[in-house]
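structure-v6.pdb (PDB, C-alpha atoms)
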```
ATOM      1  CA  MET A   1      23.977 -23.552  35.118  1.00  0.00           C
ATOM      2  CA  GLN A   2      27.092 -24.121  33.034  1.00  0.00           C
ATOM      3  CA  ALA A   3      29.470 -21.158  33.093  1.00  0.00           C
ATOM      4  CA  THR A   4      30.417 -19.653  29.765  1.00  0.00           C
ATOM      5  CA  ASP A   5      34.114 -20.033  30.598  1.00  0.00           C
ATOM      6  CA  SER A   6      33.711 -23.795  30.828  1.00  0.00           C
ATOM      7  CA  LEU A   7      32.105 -24.108  27.380  1.00  0.00           C
ATOM      8  CA  SER A   8      34.101 -25.177  24.365  1.00  0.00           C
ATOM      9  CA  PRO A   9      34.414 -22.721  21.431  1.00  0.00           C
ATOM     10  CA  THR A  10      31.899 -24.819  19.471  1.00  0.00           C
ATOM     11  CA  GLU A  11      29.386 -24.733  22.328  1.00  0.00           C
ATOM     12  CA  VAL A  12      29.831 -20.955  22.768  1.00  0.00           C
ATOM     13  CA  LYS A  13      29.250 -20.463  19.037  1.00  0.00           C
ATOM     14  CA  LYS A  14      26.067 -22.572  19.110  1.00  0.00           C
ATOM     15  CA  LYS A  15      24.783 -20.684  22.147  1.00  0.00           C
ATOM     16  CA  THR A  16      25.460 -17.316  20.467  1.00  0.00           C
ATOM     17  CA  TYR A  17      23.704 -18.365  17.262  1.00  0.00           C
ATOM     18  CA  GLY A  18      20.765 -19.681  19.284  1.00  0.00           C
ATOM     19  CA  THR A  19      20.328 -16.352  21.070  1.00  0.00           C
ATOM     20  CA  LEU A  20      20.643 -14.437  17.785  1.00  0.00           C
ATOM     21  CA  PHE A  21      18.014 -16.658  16.161  1.00  0.00           C
ATOM     22  CA  LEU A  22      15.555 -15.988  19.007  1.00  0.00           C
ATOM     23  CA  VAL A  23      16.056 -12.208  18.693  1.00  0.00           C
ATOM     24  CA  ILE A  24      15.513 -12.296  14.920  1.00  0.00           C
ATOM     25  CA  ALA A  25      12.424 -14.506  15.308  1.00  0.00           C
ATOM     26  CA  ALA A  26      10.918 -12.108  17.854  1.00  0.00           C
ATOM     27  CA  CYS A  27      11.456  -9.122  15.539  1.00  0.00           C
ATOM     28  CA  ALA A  28      10.109 -10.918  12.469  1.00  0.00           C
ATOM     29  CA  ALA A  29       6.996 -12.344  14.149  1.00  0.00           C
ATOM     30  CA  PRO A  30       4.698  -9.301  13.550  1.00  0.00           C
ATOM     31  CA  VAL A  31       5.592  -9.232   9.844  1.00  0.00           C
ATOM     32  CA  ILE A  32       5.082 -12.982   9.442  1.00  0.00           C
ATOM     33  CA  LEU A  33       1.756 -12.960  11.308  1.00  0.00           C
ATOM     34  CA  SER A  34       0.513  -9.992   9.273  1.00  0.00           C
ATOM     35  CA  TYR A  35       1.431 -11.748   6.040  1.00  0.00           C
ATOM     36  CA  LEU A  36      -0.258 -14.980   7.109  1.00  0.00           C
ATOM     37  CA  THR A  37      -3.394 -13.131   8.152  1.00  0.00           C
ATOM     38  CA  TYR A  38      -3.949 -11.516   4.795  1.00  0.00           C
ATOM     39  CA  TYR A  39      -2.361 -13.860   2.275  1.00  0.00           C
ATOM     40  CA  VAL A  40      -2.618 -17.364   3.717  1.00  0.00           C
ATOM     41  CA  ILE A  41      -5.282 -17.572   6.417  1.00  0.00           C
ATOM     42  CA  LYS A  42      -8.637 -16.580   4.953  1.00  0.00           C
ATOM     43  CA  PRO A  43     -11.362 -17.168   7.519  1.00  0.00           C
ATOM     44  CA  GLN A  44     -14.912 -17.423   6.219  1.00  0.00           C
ATOM     45  CA  THR A  45     -16.070 -14.748   8.645  1.00  0.00           C
ATOM     46  CA  ARG A  46     -13.876 -12.054   7.126  1.00  0.00           C
ATOM     47  CA  ASN A  47     -15.875  -9.585   5.053  1.00  0.00           C
ATOM     48  CA  ASN A  48     -13.586  -7.292   3.088  1.00  0.00           C
ATOM     49  CA  TYR A  49     -15.119  -4.566   0.981  1.00  0.00           C
ATOM     50  CA  GLY A  50     -12.075  -4.349  -1.281  1.00  0.00           C
ATOM     51  CA  ASP A  51     -10.892  -7.271  -3.392  1.00  0.00           C
ATOM     52  CA  LEU A  52      -7.753  -8.946  -2.048  1.00  0.00           C
ATOM     53  CA  ILE A  53      -4.975  -9.307  -4.624  1.00  0.00           C
ATOM     54  CA  ASP A  54      -2.372 -12.050  -4.619  1.00  0.00           C
ATOM     55  CA  PRO A  55       0.941 -10.106  -4.490  1.00  0.00           C
ATOM     56  CA  ARG A  56       2.764 -12.951  -6.234  1.00  0.00           C
ATOM     57  CA  ALA A  57       0.652 -12.380  -9.346  1.00  0.00           C
ATOM     58  CA  TYR A  58       1.276  -8.621  -9.545  1.00  0.00           C
ATOM     59  CA  PRO A  59       4.836  -7.708  -8.522  1.00  0.00           C
ATOM     60  CA  ILE A  60       5.418  -3.984  -8.856  1.00  0.00           C
ATOM     61  CA  PRO A  61       7.272  -3.437 -12.150  1.00  0.00           C
ATOM     62  CA  ASP A  62       9.447  -0.635 -13.440  1.00  0.00           C
ATOM     63  CA  LEU A  63       6.783   1.881 -14.471  1.00  0.00           C
ATOM     64  CA  GLY A  64       9.231   4.344 -16.011  1.00  0.00           C
ATOM     65  CA  SER A  65       8.069   6.804 -13.365  1.00  0.00           C
ATOM     66  CA  THR A  66       9.343  10.300 -12.636  1.00  0.00           C
ATOM     67  CA  SER A  67       8.397  13.107 -10.311  1.00  0.00           C
ATOM     68  CA  ILE A  68       6.370  15.973 -11.749  1.00  0.00           C
ATOM     69  CA  ASP A  69       9.571  17.920 -12.397  1.00  0.00           C
ATOM     70  CA  GLY A  70      10.979  15.024 -14.441  1.00  0.00           C
ATOM     71  CA  LYS A  71      13.403  13.535 -11.914  1.00  0.00           C
ATOM     72  CA  PRO A  72      13.588   9.729 -11.452  1.00  0.00           C
ATOM     73  CA  ALA A  73      11.127   8.539  -8.801  1.00  0.00           C
ATOM     74  CA  SER A  74       9.243   5.352  -8.027  1.00  0.00           C
ATOM     75  CA  LEU A  75       6.784   3.701  -5.673  1.00  0.00           C
ATOM     76  CA  ALA A  76       9.789   2.125  -3.936  1.00  0.00           C
ATOM     77  CA  GLN A  77      10.473   5.447  -2.193  1.00  0.00           C
ATOM     78  CA  PHE A  78       7.384   4.843  -0.044  1.00  0.00           C
ATOM     79  CA  HIS A  79       8.544   1.425   1.158  1.00  0.00           C
ATOM     80  CA  GLY A  80       7.563   0.962   4.796  1.00  0.00           C
ATOM     81  CA  LYS A  81       4.258   2.835   4.409  1.00  0.00           C
ATOM     82  CA  TRP A  82       0.770   1.816   3.390  1.00  0.00           C
ATOM     83  CA  ILE A  83      -0.060   3.436   0.036  1.00  0.00           C
ATOM     84  CA  LEU A  84      -3.488   4.545  -1.142  1.00  0.00           C
ATOM     85  CA  LEU A  85      -3.097   4.652  -4.915  1.00  0.00           C
ATOM     86  CA  GLN A  86      -5.080   6.214  -7.721  1.00  0.00           C
ATOM     87  CA  VAL A  87      -4.477   6.351 -11.479  1.00  0.00           C
ATOM     88  CA  ASP A  88      -5.640   9.208 -13.724  1.00  0.00           C
ATOM     89  CA  SER A  89      -4.712  11.568 -16.512  1.00  0.00           C
ATOM     90  CA  ALA A  90      -3.541  15.050 -15.565  1.00  0.00           C
ATOM     91  CA  ALA A  91      -6.873  16.535 -16.710  1.00  0.00           C
ATOM     92  CA  CYS A  92      -8.392  15.005 -13.533  1.00  0.00           C
ATOM     93  CA  GLU A  93     -12.089  15.403 -14.119  1.00  0.00           C
ATOM     94  CA  GLN A  94     -14.877  14.848 -11.581  1.00  0.00           C
ATOM     95  CA  ARG A  95     -14.275  11.161 -10.731  1.00  0.00           C
ATOM     96  CA  CYS A  96     -10.526  11.767 -10.391  1.00  0.00           C
ATOM     97  CA  GLN A  97     -11.140  14.680  -8.038  1.00  0.00           C
ATOM     98  CA  GLN A  98     -13.554  12.552  -6.030  1.00  0.00           C
ATOM     99  CA  LYS A  99     -10.830   9.941  -5.521  1.00  0.00           C
ATOM    100  CA  LEU A 100      -8.341  12.584  -4.433  1.00  0.00           C
ATOM    101  CA  TYR A 101     -10.895  13.760  -1.880  1.00  0.00           C
ATOM    102  CA  TYR A 102     -11.544  10.221  -0.681  1.00  0.00           C
ATOM    103  CA  MET A 103      -7.844   9.482  -0.263  1.00  0.00           C
ATOM    104  CA  ARG A 104      -7.314  12.633   1.788  1.00  0.00           C
ATOM    105  CA  GLN A 105     -10.322  11.998   4.022  1.00  0.00           C
ATOM    106  CA  LEU A 106      -9.649   8.285   4.423  1.00  0.00           C
ATOM    107  CA  ARG A 107      -6.172   9.057   5.682  1.00  0.00           C
ATOM    108  CA  LEU A 108      -7.467  11.717   8.099  1.00  0.00           C
ATOM    109  CA  THR A 109     -10.097   9.370   9.549  1.00  0.00           C
ATOM    110  CA  GLN A 110      -7.338   7.036  10.782  1.00  0.00           C
ATOM    111  CA  GLY A 111      -6.442   9.569  13.471  1.00  0.00           C
ATOM    112  CA  LYS A 112      -3.134   8.802  15.185  1.00  0.00           C
ATOM    113  CA  GLU A 113      -2.502   6.027  12.644  1.00  0.00           C
ATOM    114  CA  MET A 114      -2.723   8.328   9.597  1.00  0.00           C
ATOM    115  CA  ASP A 115       1.049   8.831   9.363  1.00  0.00           C
ATOM    116  CA  ARG A 116       1.322   5.174   8.372  1.00  0.00           C
ATOM    117  CA  ILE A 117      -0.432   6.013   5.083  1.00  0.00           C
ATOM    118  CA  GLU A 118       0.818   7.838   1.989  1.00  0.00           C
ATOM    119  CA  ARG A 119      -1.383   9.009  -0.901  1.00  0.00           C
ATOM    120  CA  VAL A 120      -0.059   8.545  -4.431  1.00  0.00           C
ATOM    121  CA  TRP A 121      -1.505   9.639  -7.763  1.00  0.00           C
ATOM    122  CA  LEU A 122       0.019   7.963 -10.825  1.00  0.00           C
ATOM    123  CA  VAL A 123      -0.372  10.449 -13.672  1.00  0.00           C
ATOM    124  CA  THR A 124      -0.712   8.700 -17.022  1.00  0.00           C
ATOM    125  CA  ASP A 125       0.197  11.498 -19.455  1.00  0.00           C
ATOM    126  CA  ASP A 126       2.433  14.547 -19.883  1.00  0.00           C
ATOM    127  CA  VAL A 127      -0.336  17.158 -19.768  1.00  0.00           C
ATOM    128  CA  PRO A 128       0.346  20.043 -17.331  1.00  0.00           C
ATOM    129  CA  LEU A 129      -1.370  19.666 -13.958  1.00  0.00           C
ATOM    130  CA  ASP A 130      -3.778  22.160 -12.421  1.00  0.00           C
ATOM    131  CA  ILE A 131      -1.757  24.068  -9.807  1.00  0.00           C
ATOM    132  CA  GLY A 132      -4.883  24.867  -7.813  1.00  0.00           C
ATOM    133  CA  LEU A 133      -5.819  21.186  -7.627  1.00  0.00           C
ATOM    134  CA  MET A 134      -2.307  20.244  -6.522  1.00  0.00           C
ATOM    135  CA  LYS A 135      -2.482  22.821  -3.717  1.00  0.00           C
ATOM    136  CA  GLN A 136      -5.947  21.653  -2.678  1.00  0.00           C
ATOM    137  CA  TYR A 137      -4.663  18.108  -2.237  1.00  0.00           C
ATOM    138  CA  ASP A 138      -1.217  18.979  -0.960  1.00  0.00           C
ATOM    139  CA  GLY A 139       0.415  15.898   0.533  1.00  0.00           C
ATOM    140  CA  THR A 140      -0.642  13.647  -2.338  1.00  0.00           C
ATOM    141  CA  HIS A 141       2.502  12.399  -4.083  1.00  0.00           C
ATOM    142  CA  LEU A 142       2.396  12.646  -7.876  1.00  0.00           C
ATOM    143  CA  LEU A 143       4.371  10.385 -10.198  1.00  0.00           C
ATOM    144  CA  ARG A 144       4.189  10.417 -13.983  1.00  0.00           C
ATOM    145  CA  VAL A 145       4.242   6.871 -15.361  1.00  0.00           C
ATOM    146  CA  ASP A 146       4.327   5.022 -18.648  1.00  0.00           C
ATOM    147  CA  SER A 147       0.624   4.370 -19.284  1.00  0.00           C
ATOM    148  CA  GLN A 148       1.232   1.126 -21.206  1.00  0.00           C
ATOM    149  CA  LYS A 149       3.412  -0.354 -18.459  1.00  0.00           C
ATOM    150  CA  LEU A 150       0.820   0.693 -15.906  1.00  0.00           C
ATOM    151  CA  ALA A 151      -2.066  -0.884 -17.835  1.00  0.00           C
ATOM    152  CA  ALA A 152      -0.125  -4.158 -18.081  1.00  0.00           C
ATOM    153  CA  TRP A 153       0.366  -4.222 -14.314  1.00  0.00           C
ATOM    154  CA  LEU A 154      -2.775  -3.171 -12.436  1.00  0.00           C
ATOM    155  CA  PRO A 155      -5.620  -5.712 -12.247  1.00  0.00           C
ATOM    156  CA  VAL A 156      -9.090  -4.322 -12.968  1.00  0.00           C
ATOM    157  CA  ALA A 157     -12.628  -5.545 -12.412  1.00  0.00           C
ATOM    158  CA  GLU A 158     -14.780  -6.523 -15.380  1.00  0.00           C
ATOM    159  CA  ALA A 159     -15.814  -3.594 -17.614  1.00  0.00           C
ATOM    160  CA  THR A 160     -13.552  -1.152 -15.762  1.00  0.00           C
ATOM    161  CA  THR A 161     -10.144   0.470 -16.155  1.00  0.00           C
ATOM    162  CA  ALA A 162      -7.435   1.158 -13.577  1.00  0.00           C
ATOM    163  CA  SER A 163      -8.643   4.763 -13.301  1.00  0.00           C
ATOM    164  CA  ASP A 164     -11.991   3.473 -11.969  1.00  0.00           C
ATOM    165  CA  HIS A 165     -10.371   2.041  -8.835  1.00  0.00           C
ATOM    166  CA  LEU A 166      -8.464   2.924  -5.722  1.00  0.00           C
ATOM    167  CA  TYR A 167      -5.713   0.462  -4.783  1.00  0.00           C
ATOM    168  CA  MET A 168      -3.813  -0.372  -1.604  1.00  0.00           C
ATOM    169  CA  ILE A 169      -0.118  -1.299  -1.417  1.00  0.00           C
ATOM    170  CA  ASP A 170       1.269  -2.689   1.829  1.00  0.00           C
ATOM    171  CA  PRO A 171       4.507  -1.537   3.544  1.00  0.00           C
ATOM    172  CA  LEU A 172       6.428  -4.441   2.005  1.00  0.00           C
ATOM    173  CA  GLY A 173       5.623  -3.124  -1.469  1.00  0.00           C
ATOM    174  CA  ASN A 174       2.878  -5.661  -2.265  1.00  0.00           C
ATOM    175  CA  LEU A 175      -0.142  -4.613  -4.293  1.00  0.00           C
ATOM    176  CA  MET A 176      -2.751  -6.204  -2.053  1.00  0.00           C
ATOM    177  CA  MET A 177      -6.231  -4.675  -2.424  1.00  0.00           C
ATOM    178  CA  ARG A 178      -8.473  -3.067  -5.060  1.00  0.00           C
ATOM    179  CA  PHE A 179     -11.562  -1.027  -4.243  1.00  0.00           C
ATOM    180  CA  PRO A 180     -14.574  -0.925  -6.587  1.00  0.00           C
ATOM    181  CA  LYS A 181     -15.682   1.773  -9.014  1.00  0.00           C
ATOM    182  CA  ASP A 182     -17.678   4.571  -7.350  1.00  0.00           C
ATOM    183  CA  PRO A 183     -16.871   3.158  -3.909  1.00  0.00           C
ATOM    184  CA  ASP A 184     -18.493   3.540  -0.526  1.00  0.00           C
ATOM    185  CA  ALA A 185     -15.889   5.542   1.408  1.00  0.00           C
ATOM    186  CA  ASN A 186     -17.145   4.320   4.796  1.00  0.00           C
ATOM    187  CA  LYS A 187     -16.572   0.715   3.778  1.00  0.00           C
ATOM    188  CA  ILE A 188     -13.074   1.532   2.530  1.00  0.00           C
ATOM    189  CA  LYS A 189     -12.395   3.201   5.877  1.00  0.00           C
ATOM    190  CA  LYS A 190     -13.370   0.000   7.710  1.00  0.00           C
ATOM    191  CA  ASP A 191     -11.040  -2.081   5.527  1.00  0.00           C
ATOM    192  CA  ILE A 192      -8.130   0.285   6.127  1.00  0.00           C
ATOM    193  CA  THR A 193      -8.782   0.412   9.865  1.00  0.00           C
ATOM    194  CA  ARG A 194      -8.757  -3.393  10.034  1.00  0.00           C
ATOM    195  CA  LEU A 195      -5.553  -3.589   8.004  1.00  0.00           C
ATOM    196  CA  LEU A 196      -3.717  -1.118  10.233  1.00  0.00           C
ATOM    197  CA  LYS A 197      -4.993  -2.777  13.395  1.00  0.00           C
ATOM    198  CA  ALA A 198      -4.034  -6.275  12.298  1.00  0.00           C
ATOM    199  CA  SER A 199      -0.638  -5.330  10.915  1.00  0.00           C
ATOM    200  CA  GLY A 200       2.520  -4.799  12.890  1.00  0.00           C
ATOM    201  CA  ILE A 201       4.277  -3.291   9.884  1.00  0.00           C
ATOM    202  CA  GLY A 202       4.163   0.173   8.406  1.00  0.00           C
TER     203      GLY A 202
END
```

Mind turning this structure into structure tokens?
Amino acid sequence: MQATDSLSPTEVKKKTYGTLFLVIAACAAPVILSYLTYYVIKPQTRNNYGDLIDPRAYPIPDLGSTSIDGKPASLAQFHGKWILLQVDSAACEQRCQQKLYYMRQLRLTQGKEMDRIERVWLVTDDVPLDIGLMKQYDGTHLLRVDSQKLAAWLPVAEATTASDHLYMIDPLGNLMMRFPKDPDANKIKKDITRLLKASGIG
């Protein structure tokens, strides 16, 4: 083995860069493999319940969002977490409440992995929220957004609106899955479990 002292400055530099590259590659491998699994490699045997979304087609825009008390806030604050997302007016009638319930339960069913998930409700108007409902679903993050900007961003299935769906955003900030109207919660659970198991991020 050649001693470091006998190496020229150029050789030492190359050796240092080589070691650094290997360290970076080892750290990045889980992220790269996760990305390839869900956005590039699409085996025929995979049977997702939710519809996969190409993140390149729907980059997260500036939604003009604020917290409920009017302070600047955005989805970017949850970077590094998986986000279960719903969209509704503040009135939050039966279907909206059902989605809030689903999001809470879906997170709980992930057991020790549940801390990897955040729940977010994008509120599409300035109507006051029901305090009792907010307490019932404590832990759900609420952001008020510009409804027109939101409508221009979120993809919807035929004959539906964004408020008919639940969405999933990955820890890198990519909108990556949409669940159907009036969904089967058990099937969503299976999708989420597979995502968390396959992913080394978040």

### Task
Could you jot down the CA of Thr124 (chain A) to CA of Tyr49 (chain A) separation for me, Å, one decimal place?
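CA of Tyr49 (chain A) lies at a distance of 26.6 Å from CA of Thr124 (chain A).
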
### Message
Using all atoms listed in the file, which protein or nucleic acid residues come within 9 Å of Lys149 (chain A)? Drop anything in the same chain fewer than 4 positions from it, and give the result as a VMD selection string.
### Response
chain A and resid 61 to 64 145 153

### Message
Taking 4 positions as the minimum chain separation for residues in the same chain, which residues sit within 8 Å of region 94-100 of chain A when counting all atoms listed in the file? Answer as number ranges by chain.
### Response
A: 86, 88, 104, 137, 163, 166

### Query
CA of Gly70 (chain A) to CA of Arg144 (chain A): how many Å, to one decimal?
8.2 Å

### Task
Check the smallest atom-to-atom distance from each of A:Ala57, A:Ala151, A:Ala159, A:Leu195 to Ile83 (chain A) using all atoms listed in the file, then report the winner.
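Selected residue with least distance to Ile83 (chain A): A:Leu195.
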
### Query
Do you know which residues the PyMOL selection byres ((chain A and resi 169) around 12) returns on this file, as an NGL selection string?
:A and (52-55 or 58-60 or 75-76 or 78-86 or 116-120 or 154 or 166-168 or 170-179 or 192 or 195 or 202)

### Task
Measure the distance from CA of Ala90 (chain A) to CA of Ala162 (chain A) in Å and round it to one decimal.
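Those two atoms sit 14.6 Å apart.
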
File contents for region 85-123 of chain A with C-alpha atoms as a JSON list (two decimals), in the first residue's frame:
```json
[["chain", "number", "residue", "atom", "x", "y", "z"],
["A", 85, "LEU", "CA", -53.44, 16.49, 1.75],
["A", 86, "GLN", "CA", -57.07, 17.49, 1.49],
["A", 87, "VAL", "CA", -58.76, 20.55, -0.02],
["A", 88, "ASP", "CA", -62.04, 22.02, 1.25],
["A", 89, "SER", "CA", -63.91, 25.17, 2.18],
["A", 90, "ALA", "CA", -64.02, 26.14, 5.84],
["A", 91, "ALA", "CA", -67.68, 25.05, 6.06],
["A", 92, "CYS", "CA", -66.38, 21.44, 5.94],
["A", 93, "GLU", "CA", -69.53, 19.45, 5.41],
["A", 94, "GLN", "CA", -69.91, 15.66, 5.64],
["A", 95, "ARG", "CA", -67.45, 14.59, 2.92],
["A", 96, "CYS", "CA", -64.82, 17.02, 4.21],
["A", 97, "GLN", "CA", -65.21, 15.67, 7.74],
["A", 98, "GLN", "CA", -64.94, 12.13, 6.41],
["A", 99, "LYS", "CA", -61.59, 12.98, 4.81],
["A", 100, "LEU", "CA", -60.32, 14.54, 8.03],
["A", 101, "TYR", "CA", -61.26, 11.32, 9.81],
["A", 102, "TYR", "CA", -59.57, 9.19, 7.17],
["A", 103, "MET", "CA", -56.36, 11.21, 7.32],
["A", 104, "ARG", "CA", -56.19, 10.90, 11.10],
["A", 105, "GLN", "CA", -56.86, 7.16, 11.08],
["A", 106, "LEU", "CA", -54.58, 6.43, 8.14],
["A", 107, "ARG", "CA", -51.71, 8.09, 9.96],
["A", 108, "LEU", "CA", -52.45, 6.17, 13.18],
["A", 109, "THR", "CA", -52.55, 2.82, 11.37],
["A", 110, "GLN", "CA", -48.89, 3.25, 10.35],
["A", 111, "GLY", "CA", -47.85, 2.59, 13.95],
["A", 112, "LYS", "CA", -44.20, 3.44, 14.61],
["A", 113, "GLU", "CA", -43.96, 4.97, 11.12],
["A", 114, "MET", "CA", -46.77, 7.51, 11.69],
["A", 115, "ASP", "CA", -44.40, 10.33, 12.64],
["A", 116, "ARG", "CA", -43.19, 10.33, 9.04],
["A", 117, "ILE", "CA", -46.61, 11.64, 7.97],
["A", 118, "GLU", "CA", -48.19, 15.08, 8.34],
["A", 119, "ARG", "CA", -51.86, 15.90, 7.67],
["A", 120, "VAL", "CA", -52.64, 19.14, 5.86],
["A", 121, "TRP", "CA", -55.98, 20.76, 5.05],
["A", 122, "LEU", "CA", -55.85, 23.52, 2.42],
["A", 123, "VAL", "CA", -58.75, 25.84, 3.22]]
```
